[in-house]
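Here is coords_0.tsv, consisting of TSV, C-alpha atoms:
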chain	number	residue	atom	x	y	z
A	25	MET	CA	13.56	216.26	201.74
A	26	ILE	CA	12.86	214.57	205.05
A	27	GLY	CA	10.65	216.50	207.44
A	28	ALA	CA	11.45	217.52	211.01
A	29	MET	CA	10.34	214.21	212.53
A	30	GLY	CA	12.16	212.03	210.00
A	31	VAL	CA	9.09	211.60	207.82
A	32	ALA	CA	9.81	211.02	204.15
A	33	LYS	CA	8.23	213.65	201.92
A	34	SER	CA	9.08	211.82	198.71
A	35	PHE	CA	10.05	208.34	197.54
A	36	ARG	CA	13.52	209.82	196.99
A	37	ASP	CA	13.83	210.24	200.77
A	38	LEU	CA	13.48	206.50	201.40
A	39	ARG	CA	16.74	204.72	202.25
A	40	VAL	CA	15.64	201.73	200.18
A	41	TYR	CA	15.14	203.94	197.12
A	42	LYS	CA	18.53	205.60	197.59
A	43	LEU	CA	20.26	202.23	197.89
A	44	ALA	CA	18.35	200.84	194.89
A	45	ARG	CA	19.33	203.87	192.83
A	46	LYS	CA	23.00	203.31	193.70
A	47	ALA	CA	22.71	199.58	193.03
A	48	VAL	CA	21.05	200.16	189.63
A	49	SER	CA	23.92	202.47	188.65
A	50	GLU	CA	26.39	199.77	189.58
A	51	ILE	CA	24.45	197.20	187.51
A	52	PHE	CA	24.67	199.47	184.47
A	53	GLU	CA	28.37	200.04	185.07
A	54	ILE	CA	29.31	196.37	185.35
A	55	THR	CA	27.12	195.18	182.49
A	56	LYS	CA	28.97	197.44	180.06
A	57	GLY	CA	31.80	194.90	180.31
A	58	PHE	CA	29.67	191.82	179.70
A	59	PRO	CA	30.24	189.97	176.40
A	60	ARG	CA	28.27	191.15	173.41
A	61	GLU	CA	26.54	187.78	173.02
A	62	GLU	CA	24.94	188.31	176.47
A	63	ARG	CA	23.35	191.59	175.42
A	64	HIS	CA	19.80	190.27	174.92
A	65	GLU	CA	19.93	187.69	177.64
A	66	LEU	CA	21.85	188.47	180.80
A	67	THR	CA	22.64	192.16	180.28
A	68	ASP	CA	19.12	193.28	179.36
A	69	GLN	CA	17.48	191.08	181.99
A	70	VAL	CA	19.60	192.19	184.94
A	71	ARG	CA	19.24	195.83	183.91
A	72	ARG	CA	15.47	195.48	183.54
A	73	SER	CA	14.93	193.79	186.90
A	74	ALA	CA	17.19	196.25	188.72
A	75	ARG	CA	15.52	199.25	187.13
A	76	ALA	CA	12.06	197.80	187.82
A	77	THR	CA	12.91	197.45	191.51
A	78	LYS	CA	13.63	201.16	191.80
A	79	ALA	CA	10.59	202.16	189.74
A	80	LEU	CA	8.22	199.95	191.76
A	81	ILE	CA	9.43	201.51	195.01
A	82	ALA	CA	8.47	204.92	193.60
A	83	GLU	CA	5.14	203.59	192.35
A	84	GLY	CA	4.38	201.93	195.68
A	85	TRP	CA	5.05	205.22	197.44
A	86	ALA	CA	2.56	206.95	195.15
A	87	ARG	CA	-0.09	204.29	195.85
A	88	ARG	CA	0.17	204.27	199.63
A	89	ARG	CA	-3.32	205.73	199.94
A	90	TYR	CA	-4.55	202.17	199.49
A	91	ARG	CA	-2.68	199.72	201.70
A	92	ALA	CA	-3.34	196.74	199.39
A	93	ALA	CA	-2.00	198.65	196.36
A	94	PHE	CA	1.06	199.76	198.32
A	95	ILE	CA	1.80	196.22	199.48
A	96	SER	CA	1.29	194.87	195.97
A	97	LYS	CA	3.82	197.28	194.42
A	98	ILE	CA	6.40	196.82	197.17
A	99	ASP	CA	5.96	193.04	196.88
A	100	GLU	CA	6.60	193.32	193.12
A	101	ALA	CA	9.73	195.37	193.87
A	102	LEU	CA	10.85	192.61	196.25
A	103	GLY	CA	10.41	190.03	193.49
A	104	GLU	CA	12.37	192.14	191.00
A	105	ALA	CA	15.18	192.69	193.51
A	106	THR	CA	15.41	188.96	194.15
A	107	GLU	CA	15.42	188.34	190.39
A	108	THR	CA	18.33	190.77	190.11
A	109	GLN	CA	20.25	188.68	192.63
A	110	SER	CA	19.60	185.60	190.52
A	111	TRP	CA	20.98	187.33	187.41
A	112	LEU	CA	24.04	188.39	189.40
A	113	ASP	CA	24.53	184.71	190.31
A	114	ASP	CA	24.60	183.96	186.57
A	115	ALA	CA	27.16	186.72	185.96
A	116	LEU	CA	29.37	185.30	188.72
A	117	ASP	CA	28.99	181.72	187.45
A	118	ARG	CA	30.06	182.76	183.94
A	119	GLY	CA	33.08	184.67	185.19
A	120	TYR	CA	31.78	188.13	184.19
A	121	LEU	CA	31.92	189.39	187.76
A	122	PRO	CA	34.80	189.04	190.26
A	123	LEU	CA	33.77	187.38	193.54
A	124	GLU	CA	34.62	190.44	195.66
A	125	ARG	CA	32.43	192.74	193.57
A	126	PHE	CA	29.64	190.14	193.43
A	127	GLU	CA	29.62	189.89	197.22
A	128	ARG	CA	29.45	193.67	197.62
A	129	MET	CA	26.63	193.95	195.09
A	130	ASP	CA	24.78	190.96	196.52
A	131	ASN	CA	25.00	192.52	199.99
A	132	ASP	CA	23.38	195.71	198.63
A	133	TRP	CA	20.58	193.73	196.95
A	134	SER	CA	20.09	191.65	200.13
A	135	ALA	CA	19.73	194.89	202.11
A	136	ILE	CA	17.21	196.15	199.54
A	137	THR	CA	15.14	192.96	199.81
A	138	ALA	CA	15.25	193.12	203.62
A	139	MET	CA	14.07	196.75	203.61
A	140	LEU	CA	11.28	195.94	201.16
A	141	ALA	CA	10.14	193.02	203.31
A	142	ARG	CA	10.04	195.35	206.33
A	143	MET	CA	8.04	197.89	204.34
A	144	ILE	CA	5.46	195.20	203.60
A	145	ASP	CA	5.37	194.12	207.25
A	146	ARG	CA	5.01	197.75	208.35
A	147	ALA	CA	2.65	198.87	205.59
A	148	ALA	CA	0.38	200.53	208.16
A	149	ASP	CA	3.21	202.94	209.02
A	150	PHE	CA	3.54	203.97	205.37
A	151	CYS	CA	-0.21	204.09	204.74
A	152	LYS	CA	-1.31	206.05	207.82
A	153	TYR	CA	-3.78	208.15	205.90
A	154	SER	CA	-5.19	205.33	203.84
A	155	SER	CA	-8.82	204.48	203.99
A	156	ASP	CA	-9.70	201.28	205.80
A	157	THR	CA	-12.30	200.67	203.15
A	158	ASP	CA	-11.45	199.40	199.70
A	159	TYR	CA	-14.01	201.32	197.67
A	160	ARG	CA	-13.31	199.36	194.50
A	161	GLY	CA	-15.58	196.53	195.71
A	162	ILE	CA	-18.51	198.68	196.83
A	163	VAL	CA	-21.49	199.10	194.51
A	164	SER	CA	-23.88	201.93	195.21
A	165	GLU	CA	-27.49	200.77	195.58
A	166	GLU	CA	-28.91	204.29	195.49
A	167	PRO	CA	-29.31	206.32	192.30
A	168	LEU	CA	-26.84	209.10	191.72
A	169	ILE	CA	-28.37	212.52	192.25
A	170	ALA	CA	-26.45	215.18	190.37
A	171	ASP	CA	-27.00	218.80	189.57
A	172	ASP	CA	-28.45	219.64	186.18
A	173	ILE	CA	-25.25	221.49	185.41
A	174	LEU	CA	-23.45	218.14	185.07
A	175	PHE	CA	-25.83	216.97	182.35
A	176	GLY	CA	-27.01	220.20	180.73
A	177	ASP	CA	-25.81	221.89	177.55
A	178	SER	CA	-22.49	223.63	177.73
A	179	ASP	CA	-24.26	226.92	176.95
A	180	GLU	CA	-26.44	226.52	180.02
A	181	ALA	CA	-23.42	225.75	182.17
A	182	THR	CA	-21.75	229.03	181.30
A	183	ARG	CA	-24.75	231.21	182.07
Mind converting the file's structure to structure tokens?
Amino acid sequence: MIGAMGVAKSFRDLRVYKLARKAVSEIFEITKGFPREERHELTDQVRRSARATKALIAEGWARRRYRAAFISKIDEALGEATETQSWLDDALDRGYLPLERFERMDNDWSAITAMLARMIDRAADFCKYSSDTDYRGIVSEEPLIADDILFGDSDEATR
């Protein structure tokens, strides 16, 4: 649910996720009619890339604590969405998809890619509470000082 100021509380609140979810459903619907011999090529590939787009949006949302991780996942989603458009081109070229439906679906995927590109450009807005420091590259020079309870016997810890 979206908060009072229009702030998304979940990845499911994002317009791009909602549109991707709708577009993935349409991919599954249309691919049911593709020829059987396309099952392992076109059908599986377009379904996989479409589904990956939606999943990577959710994963990017979960990783927004680290701006670089957020951008990486949203960038992967952008790549998968663009790949989906390429597979739709193949479906159109082979006559599996009427032009009118292709154009409608391609417009949805173009909107998804545009929203994802804007999310990357505006990553700071999505990662407001992220640390400016990437702690993965920092090595501590000082020895770790820990309580004995962390290293003692389990019997001692329960006393």
>> Around (3.3, 193.6, 204.3), as given in the file, which residues come within 10 Å? Count only C-alpha atoms and list them as number ranges by chain.
In response: A: 91-92, 94-96, 98-99, 140-148
>> So, with all atoms listed in the file as the atoms that count, which of A:Ala86, A:Thr137, A:Gly57, A:Ala74 lies closest to Ala115 in chain A?
In response: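 Distance minimum relative to Ala115 in chain A lands on A:Gly57.
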> Which neighbours of range 130-136 of chain A fall inside 10 Å, counting all atoms listed in the file, when residues of the same chain fewer than 3 positions from it are skipped, and could you give them as a VMD selection string?
Replying inline: chain A and resid 39 to 44 46 to 48 74 77 to 78 101 to 102 105 to 110 112 to 113 124 to 127 139 to 142
Please dump the current selection as a PDB file, in the coordinates of the input; keep C-alpha atoms.
ATOM      1  CA  ARG A  39      16.740 204.720 202.250  1.00  0.00           C
ATOM      2  CA  VAL A  40      15.640 201.730 200.180  1.00  0.00           C
ATOM      3  CA  TYR A  41      15.140 203.940 197.120  1.00  0.00           C
ATOM      4  CA  LYS A  42      18.530 205.600 197.590  1.00  0.00           C
ATOM      5  CA  LEU A  43      20.260 202.230 197.890  1.00  0.00           C
ATOM      6  CA  ALA A  44      18.350 200.840 194.890  1.00  0.00           C
ATOM      7  CA  LYS A  46      23.000 203.310 193.700  1.00  0.00           C
ATOM      8  CA  ALA A  47      22.710 199.580 193.030  1.00  0.00           C
ATOM      9  CA  VAL A  48      21.050 200.160 189.630  1.00  0.00           C
ATOM     10  CA  ALA A  74      17.190 196.250 188.720  1.00  0.00           C
ATOM     11  CA  THR A  77      12.910 197.450 191.510  1.00  0.00           C
ATOM     12  CA  LYS A  78      13.630 201.160 191.800  1.00  0.00           C
ATOM     13  CA  ALA A 101       9.730 195.370 193.870  1.00  0.00           C
ATOM     14  CA  LEU A 102      10.850 192.610 196.250  1.00  0.00           C
ATOM     15  CA  ALA A 105      15.180 192.690 193.510  1.00  0.00           C
ATOM     16  CA  THR A 106      15.410 188.960 194.150  1.00  0.00           C
ATOM     17  CA  GLU A 107      15.420 188.340 190.390  1.00  0.00           C
ATOM     18  CA  THR A 108      18.330 190.770 190.110  1.00  0.00           C
ATOM     19  CA  GLN A 109      20.250 188.680 192.630  1.00  0.00           C
ATOM     20  CA  SER A 110      19.600 185.600 190.520  1.00  0.00           C
ATOM     21  CA  LEU A 112      24.040 188.390 189.400  1.00  0.00           C
ATOM     22  CA  ASP A 113      24.530 184.710 190.310  1.00  0.00           C
ATOM     23  CA  GLU A 124      34.620 190.440 195.660  1.00  0.00           C
ATOM     24  CA  ARG A 125      32.430 192.740 193.570  1.00  0.00           C
ATOM     25  CA  PHE A 126      29.640 190.140 193.430  1.00  0.00           C
ATOM     26  CA  GLU A 127      29.620 189.890 197.220  1.00  0.00           C
ATOM     27  CA  MET A 139      14.070 196.750 203.610  1.00  0.00           C
ATOM     28  CA  LEU A 140      11.280 195.940 201.160  1.00  0.00           C
ATOM     29  CA  ALA A 141      10.140 193.020 203.310  1.00  0.00           C
ATOM     30  CA  ARG A 142      10.040 195.350 206.330  1.00  0.00           C
TER      31      ARG A 142
END
> A:Glu53, A:Val70, A:Phe58, A:Ala76: which is nearest Gly119 in chain A, counting only C-alpha atoms?
Replying inline: A:Phe58
> So how far away is CA of Lys97 in chain A from CA of Asp149 in chain A, in Å?
Replying inline: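 Taking CA of Asp149 in chain A as the start and CA of Lys97 in chain A as the end point, the length is 15.7 Å.
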Let me know the centre plus edge lengths, in Å and rounded to one decimal, of a box with edges along x, y and z that contains all listed atoms of range 90-107 of chain A and is padded by 8 Å on every side, as AutoDock Vina command-line options.
--center_x 5.4 --center_y 195.3 --center_z 196.0 --size_x 36.0 --size_y 29.8 --size_z 27.3
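Comparing the minimum interatomic distances between Phe35 in chain A and each of A:Gly103, A:Arg87, A:Lys152, A:Ala138, counting only C-alpha atoms, we find that A:Arg87 sits nearest.
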> Separation of CA of Ala82 in chain A and CA of Lys33 in chain A, in Å?
Replying inline: 12.1 Å
Once you've located range 84-104 of chain A in the structure I gave, write it as a CSV table (one decimal), in the first residue's frame, keeping C-alpha atoms.
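Written output follows (out07.csv):
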chain,number,residue,atom,x,y,z
A,84,GLY,CA,16.2,-4.2,-6.7
A,85,TRP,CA,13.6,-2.8,-4.3
A,86,ALA,CA,14.9,-5.1,-1.6
A,87,ARG,CA,18.5,-4.1,-2.2
A,88,ARG,CA,18.0,-0.3,-2.2
A,89,ARG,CA,19.9,0.1,1.0
A,90,TYR,CA,23.0,0.0,-1.2
A,91,ARG,CA,22.7,2.3,-4.2
A,92,ALA,CA,25.1,0.3,-6.3
A,93,ALA,CA,23.2,-2.9,-5.7
A,94,PHE,CA,19.9,-1.2,-6.5
A,95,ILE,CA,21.2,0.2,-9.7
A,96,SER,CA,22.7,-3.1,-10.7
A,97,LYS,CA,19.5,-5.0,-10.2
A,98,ILE,CA,17.4,-2.4,-12.0
A,99,ASP,CA,19.9,-2.3,-14.8
A,100,GLU,CA,19.6,-6.1,-15.1
A,101,ALA,CA,15.8,-5.7,-15.2
A,102,LEU,CA,16.2,-3.2,-18.0
A,103,GLY,CA,18.3,-5.6,-20.0
A,104,GLU,CA,15.7,-8.4,-19.5
